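Student: Sharing structure.cif, mmCIF, C-alpha atoms:
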```
data_target
loop_
_atom_site.label_atom_id
_atom_site.label_comp_id
_atom_site.auth_asym_id
_atom_site.auth_seq_id
_atom_site.Cartn_x
_atom_site.Cartn_y
_atom_site.Cartn_z
CA MET A 532 -2.44 -32.28 0.84
CA GLU A 533 -1.97 -31.72 4.56
CA LYS A 534 0.95 -29.51 5.61
CA ILE A 535 2.83 -30.92 8.56
CA PHE A 536 5.58 -29.51 10.77
CA LYS A 537 9.10 -29.64 9.33
CA SER A 538 12.25 -29.24 11.42
CA LEU A 539 14.98 -26.84 10.29
CA ASN A 540 17.00 -29.78 8.99
CA GLU A 541 14.02 -31.03 7.01
CA GLN A 542 13.40 -27.53 5.61
CA ILE A 543 17.03 -27.37 4.44
CA GLU A 544 16.73 -30.76 2.79
CA ILE A 545 13.57 -29.75 0.96
CA LEU A 546 15.26 -26.64 -0.41
CA LYS A 547 18.30 -28.65 -1.51
CA PHE A 548 16.07 -31.28 -3.12
CA LYS A 549 14.47 -28.50 -5.17
CA GLY A 550 17.90 -27.47 -6.41
CA LEU A 551 18.69 -24.50 -4.17
CA THR A 552 22.40 -24.09 -3.45
CA ILE A 553 23.05 -23.71 0.29
CA SER A 554 26.72 -23.23 1.03
CA ASP A 555 26.34 -22.24 4.69
CA VAL A 556 23.75 -24.51 6.29
CA GLN A 557 24.02 -22.95 9.75
CA TYR A 558 23.43 -19.46 8.34
CA ALA A 559 20.41 -20.72 6.37
CA LYS A 560 18.96 -22.33 9.50
CA GLU A 561 19.33 -19.08 11.45
CA ILE A 562 17.53 -17.15 8.71
CA LEU A 563 14.74 -19.71 8.38
CA LEU A 564 14.16 -19.68 12.14
CA ARG A 565 14.18 -15.90 12.33
CA GLU A 566 12.16 -15.12 9.23
CA ASN A 567 9.92 -18.19 8.77
CA TYR A 568 10.46 -20.83 6.09
CA PHE A 569 7.06 -20.42 4.49
CA PHE A 570 7.44 -16.66 4.18
CA ILE A 571 10.87 -16.89 2.58
CA ASN A 572 9.58 -19.70 0.37
CA GLY A 573 7.07 -17.18 -0.99
CA TYR A 574 9.92 -15.45 -2.81
CA ARG A 575 10.98 -18.53 -4.78
CA HIS A 576 8.82 -17.99 -7.88
CA LEU A 577 11.20 -15.82 -9.92
CA PHE A 578 13.99 -18.34 -9.32
CA MET A 579 12.08 -21.44 -10.41
CA SER A 580 12.71 -23.24 -13.70
CA GLU A 581 9.99 -23.57 -16.32
CA ASN A 582 8.52 -26.69 -14.74
CA LYS A 583 8.09 -24.76 -11.44
CA GLU A 584 9.41 -27.73 -9.48
CA LYS A 585 13.13 -26.97 -9.36
CA TYR A 586 15.18 -23.84 -8.85
CA ILE A 587 17.11 -22.48 -11.81
CA GLU A 588 20.52 -24.12 -11.72
CA GLY A 589 22.95 -22.12 -9.60
CA THR A 590 20.31 -20.29 -7.54
CA THR A 591 21.62 -19.69 -4.03
CA PHE A 592 19.87 -19.30 -0.72
CA GLU A 593 21.44 -15.84 -0.45
CA GLU A 594 19.79 -14.76 -3.71
CA VAL A 595 16.31 -15.75 -2.57
CA TYR A 596 16.95 -14.09 0.79
CA SER A 597 18.15 -10.92 -0.96
CA LEU A 598 14.76 -10.67 -2.70
CA PHE A 599 13.07 -11.17 0.66
CA LEU A 600 15.15 -8.34 2.14
CA PHE A 601 14.49 -6.12 -0.88
CA ASP A 602 10.77 -6.55 -0.42
CA ARG A 603 11.11 -5.64 3.26
CA VAL A 604 12.96 -2.42 2.40
CA PHE A 605 10.58 -1.65 -0.46
CA ARG A 606 7.54 -2.37 1.70
CA ASN A 607 8.81 0.01 4.38
CA ILE A 608 9.31 2.76 1.79
CA ILE A 609 5.76 2.33 0.53
CA PHE A 610 4.35 2.08 4.05
CA LYS A 611 6.08 5.25 5.20
CA ASN A 612 4.64 7.21 2.30
CA LEU A 613 1.19 5.70 2.68
CA LEU A 614 1.20 6.93 6.28
CA ILE A 615 2.03 10.43 5.04
CA ILE A 616 -0.98 10.33 2.72
CA GLU A 617 -3.18 8.84 5.44
CA ASN A 618 -2.29 11.62 7.85
CA HIS A 619 -2.74 14.31 5.16
CA LEU A 620 -6.16 12.93 4.19
CA LYS A 621 -7.32 12.78 7.80
CA SER A 622 -6.17 16.33 8.40
CA VAL A 623 -7.89 17.70 5.28
CA ILE A 624 -11.18 15.86 5.91
CA SER A 625 -11.31 16.90 9.56
CA TYR A 626 -10.60 20.53 8.62
CA GLN A 627 -13.25 20.60 5.89
CA LEU A 628 -16.00 18.97 7.96
CA SER A 629 -15.22 20.82 11.20
CA LYS A 630 -15.27 24.14 9.37
CA LYS A 631 -18.72 23.44 7.88
CA TYR A 632 -20.50 21.32 10.45
CA GLY A 633 -18.91 21.96 13.85
CA TYR A 634 -16.18 20.40 15.95
CA LYS A 635 -18.29 18.24 18.34
CA GLU A 636 -19.24 14.70 17.33
CA VAL A 637 -22.93 15.49 18.00
CA ASP A 638 -22.64 18.08 15.24
CA TYR A 639 -20.30 16.63 12.62
CA LEU A 640 -21.76 13.11 12.80
CA LYS A 641 -25.28 14.11 11.77
CA ALA A 642 -26.57 12.20 8.74
CA LYS A 643 -27.67 15.43 7.05
CA ASN A 644 -23.99 16.45 6.73
CA PHE A 645 -23.40 13.65 4.23
CA THR A 646 -24.68 12.68 0.80
CA SER A 647 -28.47 12.72 0.34
CA ASP A 648 -28.27 9.95 -2.28
CA PRO A 649 -30.96 7.46 -1.15
CA GLU A 650 -28.87 4.57 -2.47
CA LYS A 651 -26.15 5.47 0.01
CA SER A 652 -28.34 6.06 3.07
CA ARG A 653 -27.44 2.69 4.60
CA GLN A 654 -23.75 3.33 3.92
CA VAL A 655 -24.01 6.75 5.60
CA ASN A 656 -25.59 5.23 8.70
CA ASP A 657 -23.02 2.42 8.79
CA ILE A 658 -20.06 4.83 8.65
CA ILE A 659 -21.55 7.06 11.34
CA LYS A 660 -22.04 3.99 13.56
CA LYS A 661 -18.45 2.91 12.94
CA MET A 662 -17.15 6.34 13.92
CA LYS A 663 -19.32 6.51 17.04
CA ARG A 664 -18.11 3.05 17.97
CA GLN A 665 -14.53 4.28 17.66
CA VAL A 666 -15.36 7.11 20.08
CA ARG A 667 -16.71 4.62 22.63
CA VAL A 668 -13.82 2.18 22.22
CA ASN A 669 -11.03 4.75 22.24
CA ALA A 670 -12.36 7.34 24.65
CA ASN A 671 -10.48 5.74 27.53
CA GLN A 672 -7.71 3.99 25.59
CA HIS A 673 -6.24 6.69 23.35
CA THR A 674 -4.41 9.52 25.13
CA ALA A 675 -5.84 12.35 23.03
CA THR A 676 -9.45 11.11 23.02
CA PHE A 677 -9.26 10.42 26.76
CA HIS A 678 -8.00 13.95 27.38
CA TYR A 679 -10.73 15.65 25.33
CA MET A 680 -13.55 13.46 26.61
CA ASN A 681 -12.58 13.97 30.22
CA ASN A 682 -11.79 17.67 30.00
CA TYR A 683 -14.35 18.86 27.45
CA GLY A 684 -16.95 16.11 27.19
CA TYR A 685 -16.55 15.74 23.43
CA ILE A 686 -13.93 14.80 20.85
CA HIS A 687 -12.86 17.10 18.04
CA LEU A 688 -12.97 15.51 14.60
CA TRP A 689 -9.27 16.25 14.11
CA ILE A 690 -8.67 14.13 17.22
CA MET A 691 -11.12 11.39 16.26
CA VAL A 692 -9.52 10.80 12.86
CA LYS A 693 -6.32 9.74 14.62
CA VAL A 694 -8.06 6.58 15.83
CA LEU A 695 -9.86 5.82 12.55
CA SER A 696 -8.35 3.35 10.12
CA PHE A 697 -7.33 4.43 6.63
CA GLY A 698 -10.13 2.20 5.34
CA ILE A 699 -12.82 3.95 7.39
CA VAL A 700 -11.51 7.38 6.39
CA GLY A 701 -11.69 6.29 2.75
CA GLU A 702 -15.27 5.12 3.27
CA LEU A 703 -16.03 8.45 4.94
CA TYR A 704 -14.85 10.32 1.85
CA LEU A 705 -17.19 8.26 -0.35
CA ILE A 706 -20.29 9.44 1.56
CA LEU A 707 -19.44 13.14 1.70
CA LYS A 708 -21.48 15.75 -0.12
CA LYS A 709 -20.19 16.53 -3.60
CA GLU A 710 -18.97 20.00 -2.64
CA ASP A 711 -16.98 18.60 0.27
CA LYS A 712 -15.47 15.88 -1.94
CA CYS A 713 -14.45 18.53 -4.46
CA ALA A 714 -12.87 20.76 -1.82
CA ILE A 715 -10.78 17.87 -0.51
CA ALA A 716 -9.80 16.52 -3.94
CA ASP A 717 -8.76 20.03 -5.01
CA ILE A 718 -6.25 20.17 -2.16
CA PHE A 719 -4.64 17.01 -3.53
CA GLY A 720 -4.84 18.38 -7.06
CA ILE A 721 -6.82 15.48 -8.53
CA GLU A 722 -10.38 14.76 -9.61
CA VAL A 723 -13.00 13.44 -7.19
CA ASP A 724 -13.61 10.18 -9.05
CA VAL A 725 -9.87 9.53 -9.23
CA LEU A 726 -9.48 9.99 -5.47
CA GLU A 727 -12.47 7.71 -4.93
CA ASP A 728 -10.75 5.03 -7.02
CA TYR A 729 -7.42 5.39 -5.22
CA LEU A 730 -8.44 5.35 -1.56
CA PRO A 731 -9.65 1.72 -1.18
CA ILE A 732 -6.63 0.43 -3.11
CA LEU A 733 -4.21 2.44 -0.97
CA ALA A 734 -5.97 1.34 2.23
CA ASN A 735 -5.52 -2.28 1.13
CA TYR A 736 -1.80 -1.76 0.52
CA ARG A 737 -1.48 0.03 3.84
CA ASN A 738 -2.77 -3.12 5.54
CA LEU A 739 -0.53 -5.39 3.47
CA CYS A 740 2.49 -3.33 4.50
CA ALA A 741 1.47 -3.18 8.15
CA HIS A 742 1.20 -6.99 8.30
CA GLU A 743 4.43 -7.60 6.37
CA GLU A 744 2.79 -9.38 3.47
CA ILE A 745 4.65 -9.88 0.19
CA VAL A 746 4.19 -6.55 -1.57
CA TYR A 747 6.55 -6.23 -4.53
CA GLU A 748 4.54 -8.61 -6.76
CA ASN A 749 1.09 -8.02 -5.28
CA LYS A 750 -1.75 -7.31 -7.70
CA THR A 751 -5.21 -5.94 -6.99
CA GLN A 752 -8.54 -6.87 -8.54
CA LYS A 753 -9.31 -3.24 -9.25
CA SER A 754 -7.27 -1.32 -11.83
CA ILE A 755 -6.60 2.41 -11.92
CA ARG A 756 -7.38 4.45 -15.02
CA GLY A 757 -4.75 5.56 -17.52
CA THR A 758 -2.72 8.60 -16.56
CA VAL A 759 -0.23 10.92 -18.18
CA TYR A 760 2.47 8.85 -16.47
CA HIS A 761 1.53 5.78 -18.49
CA SER A 762 1.61 7.82 -21.66
CA LEU A 763 4.84 9.72 -21.12
CA LEU A 764 6.70 6.67 -19.84
CA LYS A 765 5.60 4.98 -23.08
CA ILE A 766 4.14 1.97 -21.32
CA PRO A 767 2.88 -0.40 -24.04
CA LYS A 768 -0.76 -1.40 -24.40
CA ASP A 769 -2.67 -4.52 -25.29
CA GLU A 770 -6.39 -5.04 -25.94
CA ASP A 771 -7.10 -4.38 -22.24
CA GLY A 772 -5.08 -1.15 -22.06
CA TYR A 773 -1.72 -0.41 -20.47
CA ILE A 774 0.14 -3.57 -19.48
CA GLN A 775 1.93 -1.99 -16.49
CA GLY A 776 0.89 0.40 -13.77
CA LYS A 777 -2.77 -0.63 -13.66
CA ASN A 778 -3.23 -3.17 -10.84
CA ASP A 779 0.38 -3.82 -9.82
CA ILE A 780 2.80 -2.13 -7.44
CA PHE A 781 3.75 0.46 -10.07
CA ALA A 782 0.12 1.55 -9.99
CA VAL A 783 0.71 2.29 -6.30
CA ILE A 784 3.75 4.38 -7.24
CA ILE A 785 1.53 6.34 -9.65
CA MET A 786 -1.06 6.94 -6.92
CA LEU A 787 1.62 8.04 -4.48
CA LYS A 788 3.00 10.37 -7.13
CA GLU A 789 -0.45 11.94 -7.43
CA LEU A 790 -0.95 12.44 -3.70
CA LEU A 791 2.49 13.22 -2.27
CA SER A 792 4.42 16.48 -2.56
CA GLN A 793 7.13 16.71 -5.21
CA GLU A 794 9.86 16.55 -2.57
CA GLU A 795 8.30 13.47 -1.00
CA VAL A 796 8.08 11.78 -4.40
CA GLU A 797 11.72 12.54 -5.18
CA ASN A 798 12.85 11.14 -1.83
CA MET A 799 10.71 8.04 -2.29
CA MET A 800 12.03 7.33 -5.78
CA ILE A 801 15.64 7.80 -4.70
CA GLU A 802 15.09 5.28 -1.89
CA ILE A 803 13.46 2.82 -4.30
CA GLU A 804 16.27 3.20 -6.83
CA ARG A 805 18.85 2.53 -4.11
CA ALA A 806 16.95 -0.60 -3.02
CA VAL A 807 16.77 -1.83 -6.62
CA HIS A 808 20.50 -1.31 -7.13
CA ASN A 809 21.29 -3.19 -3.91
CA LEU A 810 19.15 -6.11 -5.05
CA GLU A 811 20.71 -6.09 -8.52
CA TYR A 812 24.16 -6.43 -6.94
CA ASN A 813 23.04 -9.58 -5.12
CA LEU A 814 21.36 -11.28 -8.07
CA HIS A 815 23.32 -13.74 -10.20
CA THR A 816 20.83 -16.27 -11.55
CA ILE A 817 18.14 -13.86 -12.73
CA SER A 818 18.31 -10.25 -13.94
CA ILE A 819 16.91 -7.23 -12.13
CA ASP A 820 14.65 -6.68 -15.16
CA LYS A 821 12.82 -9.89 -14.26
CA VAL A 822 12.07 -8.46 -10.81
CA LEU A 823 11.04 -5.06 -12.17
CA ASP A 824 8.74 -6.73 -14.69
CA ARG A 825 7.12 -8.71 -11.87
CA MET A 826 6.50 -5.41 -10.08
CA GLY A 827 5.03 -3.78 -13.18
CA PHE A 828 7.92 -1.30 -13.26
CA PRO A 829 8.96 -0.02 -16.69
CA LYS A 830 12.72 0.24 -17.20
CA ASN A 831 12.48 4.05 -17.15
CA TYR A 832 10.48 4.05 -13.90
CA MET A 833 12.64 6.79 -12.33
CA GLU A 834 11.40 9.33 -14.87
CA ILE A 835 8.04 9.46 -13.11
CA LYS A 836 9.36 11.84 -10.47
CA ASN A 837 9.85 14.56 -13.10
CA ILE A 838 6.37 14.34 -14.68
CA HIS A 839 3.74 16.87 -13.64
CA LYS A 840 0.42 15.72 -12.18
CA LYS A 841 -2.33 15.22 -14.71
CA VAL A 842 -4.87 12.52 -15.53
CA GLU A 843 -4.86 11.40 -19.14
CA LYS A 844 -7.95 12.54 -21.00
#
```
I'd like the structure from this file rewritten - as structure tokens, please.
Tutor:
Amino acid sequence: MEKIFKSLNEQIEILKFKGLTISDVQYAKEILLRENYFFINGYRHLFMSENKEKYIEGTTFEEVYSLFLFDRVFRNIIFKNLLIIENHLKSVISYQLSKKYGYKEVDYLKAKNFTSDPEKSRQVNDIIKKMKRQVRVNANQHTATFHYMNNYGYIHLWIMVKVLSFGIVGELYLILKKEDKCAIADIFGIEVDVLEDYLPILANYRNLCAHEEIVYENKTQKSIRGTVYHSLLKIPKDEDGYIQGKNDIFAVIIMLKELLSQEEVENMMIEIERAVHNLEYNLHTISIDKVLDRMGFPKNYMEIKNIHKKVEK
């Protein structure tokens, strides 16, 4: 069915027809114009009745908007901490490779510095090409790369990583030699294969956050493995394993817990708890537990900040 343009008045009428209570029409119009009807409409699902066609009786525009605002706050919390991990990873990788292979791109971008696995030879060449392309593109556009290229004729790896995406840095880690992977994973205090699992998922969420997509209920195709957090939080299992914290946003919290410092984790969880409490105050038709369940959050989610790092054996 073709989607056609709807005026603000028509958007209001559609929402009312679906059973949404709108007490202040002018306020609702201002919000719809500022935030986008179709984006706000994406938050309707938890408020819909069983037939999915009408809102639960009594649902207000303000309630739906409060979930929208919660997701914005929550998304910014996640994004901020993903950037911390991204910067840390770039710093550690650049230090490890520069120390072993040199600080000029003609040295550290040699294929022999990466895995010798023949099945990954094409991947190695592709990543090197991507990084060289970034040098060409950013040499005159990025302040730091411009400075080093013009004053020294080369770009240090610790400068180059600043212009690489989280996704490319994650791909770079996958093609490193085993000893370099181990050295980097050890700094984060986790196993190599665990870090390999985490990086593409975190890069995906980084992009979702950067483009203001709906994050709180997002699920990924790839699941993370069971951890001590799942066990100690007593997350129930079914035939496929743990039912929460595998491919939902709580899985992201677990990954952040693994990669951030203890202080950073505590600050993040306090911010999340505050955001949850603010949302709970504004909900009347549904309970906060319904939102937390949608996120994959167990009721005792705050206890995660006090659990030590360790992958379940």
Student: Quick one: everything within 9 Å of Leu703 (chain A), counting all atoms listed in the file, minus sequence neighbours fewer than 6 positions away in the same chain. Send it as a PDB file with C-alpha atoms, keeping the file's coordinate frame.
Tutor:
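Output (part_16.pdb):
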```
ATOM      1  CA  ILE A 624     -11.180  15.860   5.910  1.00  0.00           C
ATOM      2  CA  VAL A 655     -24.010   6.750   5.600  1.00  0.00           C
ATOM      3  CA  ILE A 658     -20.060   4.830   8.650  1.00  0.00           C
ATOM      4  CA  ILE A 659     -21.550   7.060  11.340  1.00  0.00           C
TER       5      ILE A 659
END
```
Student: Show which residues sit within 10 Å of Lys765 (chain A), as a PyMOL selection string. Count all atoms listed in the file, and ignore same-chain residues fewer than 5 positions away.
Tutor: chain A and resi 759-760+773+829+831
Student: For Ser696 (chain A), list every protein, DNA or RNA residue within 10 Å, evaluated using only C-alpha atoms, and leave out those in the same chain fewer than 5 positions away; present the list as a ChimeraX atom specification.
Tutor: /A:617,621,665,701-702,734,737-738
Student: I'd like to see the residues matched by the PyMOL selection byres ((chain A and resi 833) around 12) on this file, and ideally I'd get them as number ranges by chain.
Tutor: A: 760, 764, 781, 784-785, 788, 796-805, 807, 823, 828-832, 834-838
Student: Quick one: of A:Met826, A:Leu640, A:Leu763, A:Ile690, who's nearest to Leu707 (chain A), counting all atoms listed in the file?
Tutor: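 So, comparing all the options, the nearest one is A:Leu640.
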Student: List the residues matched by the PyMOL selection byres ((chain A and resi 596) around 10) in the displayed structure as a ChimeraX atom specification, ordered by chain and then by residue number.
Tutor: /A:559,562-563,566,571-572,574-575,591-595,597-602,813
Student: Counting all atoms listed in the file, write as an NGL selection string all protein and nucleic acid residues lying at most 12 Å from (-17.2, 9.2, -0.8) in the file's frame.
Tutor: :A and (624 or 645-648 or 651 or 654-655 or 658 or 698-713 or 715-716 or 723-731)
Student: Taking the file as I've supplied it (selection: the PyMOL selection byres ((chain A and resi 554) around 12)), which residues are included? Please answer as a compact mmCIF listing (two decimals) with C-alpha atoms, in the frame of the given file.
Tutor:
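As a result, expr_31.txt now contains:
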```
# COMPACT_ATOMS: atom_id res chain seq x y z
CA ILE A 543 17.03 -27.37 4.44
CA LYS A 547 18.30 -28.65 -1.51
CA LEU A 551 18.69 -24.50 -4.17
CA THR A 552 22.40 -24.09 -3.45
CA ILE A 553 23.05 -23.71 0.29
CA ASP A 555 26.34 -22.24 4.69
CA VAL A 556 23.75 -24.51 6.29
CA GLN A 557 24.02 -22.95 9.75
CA TYR A 558 23.43 -19.46 8.34
CA ALA A 559 20.41 -20.72 6.37
CA LYS A 560 18.96 -22.33 9.50
CA GLY A 589 22.95 -22.12 -9.60
CA THR A 590 20.31 -20.29 -7.54
CA THR A 591 21.62 -19.69 -4.03
CA PHE A 592 19.87 -19.30 -0.72
CA GLU A 593 21.44 -15.84 -0.45
CA GLU A 594 19.79 -14.76 -3.71
```
Student: Nearest residue to Leu695 (chain A) out of A:Val746, A:Leu620, A:Val637, A:Leu733, using only C-alpha atoms?
Tutor: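 With only C-alpha atoms as the atom set, the closest residue is A:Leu620.
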Student: Report, in Å to a single decimal, how far apart CA of Gly757 (chain A) and CA of Glu770 (chain A) are.
Tutor: 13.6 Å
Student: Tell me which protein, DNA and RNA residues are within 8 Å of Lys750 (chain A), counting all atoms listed in the file, leaving out same-chain ones fewer than 2 positions away, and put them as a PyMOL selection string.
Tutor: chain A and resi 748+752+778-780
Student: Fewer than 6 positions away in the same chain doesn't count, so skip those; otherwise give me all residues within 8 Å of Gly776 (chain A), counting all atoms listed in the file, as a PyMOL selection string.
Tutor: chain A and resi 755+761+782-783+785+827-828
Student: Could you tell me how far CA of Leu791 (chain A) sits from CA of His808 (chain A), in Å to one decimal place?
Tutor: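 Going from CA of His808 (chain A) over to CA of Leu791 (chain A) covers 23.6 Å.
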Student: Rank A:Asp638, A:Glu561, A:Asp771, A:Glu795 by their smallest atom-to-atom distance to Arg756 (chain A), using only C-alpha atoms, and report the top residue only.
Tutor: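 Checking each candidate against Arg756 (chain A), we get A:Asp771 as the closest.
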Student: I'd like to know which of A:Phe570, A:Gly720, A:Val692, A:Gln793 is closest to Ser622 (chain A), using only C-alpha atoms.
Tutor: A:Val692
Student: Which residue out of A:Arg603, A:Leu814, A:Asn618, A:Thr758 has the minimum interatomic distance to Gly772 (chain A) when all atoms listed in the file are used?
Tutor: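 Among the listed residues, A:Thr758 lies closest to Gly772 (chain A).
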Student: Kindly indicate which residue among A:Ser538, A:Ser580, A:Asn735, A:Ser652 lies nearest to Ile817 (chain A), using all atoms listed in the file for the distances.
Tutor: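 Answer, going by the shortest atom-to-atom distance: A:Ser580.
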Student: Mind writing region 793-809 of chain A to a file for me, with C-alpha atoms, as a PDB file, in the first residue's frame?
Tutor:
```pdb
ATOM      1  CA  GLN A 793      34.380  -0.186  36.687  1.00  0.00           C
ATOM      2  CA  GLU A 794      33.857   3.531  37.261  1.00  0.00           C
ATOM      3  CA  GLU A 795      32.510   3.984  33.747  1.00  0.00           C
ATOM      4  CA  VAL A 796      30.113   1.069  34.227  1.00  0.00           C
ATOM      5  CA  GLU A 797      28.833   2.462  37.519  1.00  0.00           C
ATOM      6  CA  ASN A 798      28.234   5.885  35.976  1.00  0.00           C
ATOM      7  CA  MET A 799      26.484   4.338  32.980  1.00  0.00           C
ATOM      8  CA  MET A 800      24.173   2.199  35.106  1.00  0.00           C
ATOM      9  CA  ILE A 801      23.270   5.118  37.367  1.00  0.00           C
ATOM     10  CA  GLU A 802      22.324   7.163  34.285  1.00  0.00           C
ATOM     11  CA  ILE A 803      20.256   4.285  32.905  1.00  0.00           C
ATOM     12  CA  GLU A 804      18.478   3.764  36.220  1.00  0.00           C
ATOM     13  CA  ARG A 805      17.620   7.470  36.369  1.00  0.00           C
ATOM     14  CA  ALA A 806      16.239   7.343  32.816  1.00  0.00           C
ATOM     15  CA  VAL A 807      14.143   4.279  33.661  1.00  0.00           C
ATOM     16  CA  HIS A 808      12.710   5.949  36.768  1.00  0.00           C
ATOM     17  CA  ASN A 809      11.821   9.076  34.779  1.00  0.00           C
TER      18      ASN A 809
END
```
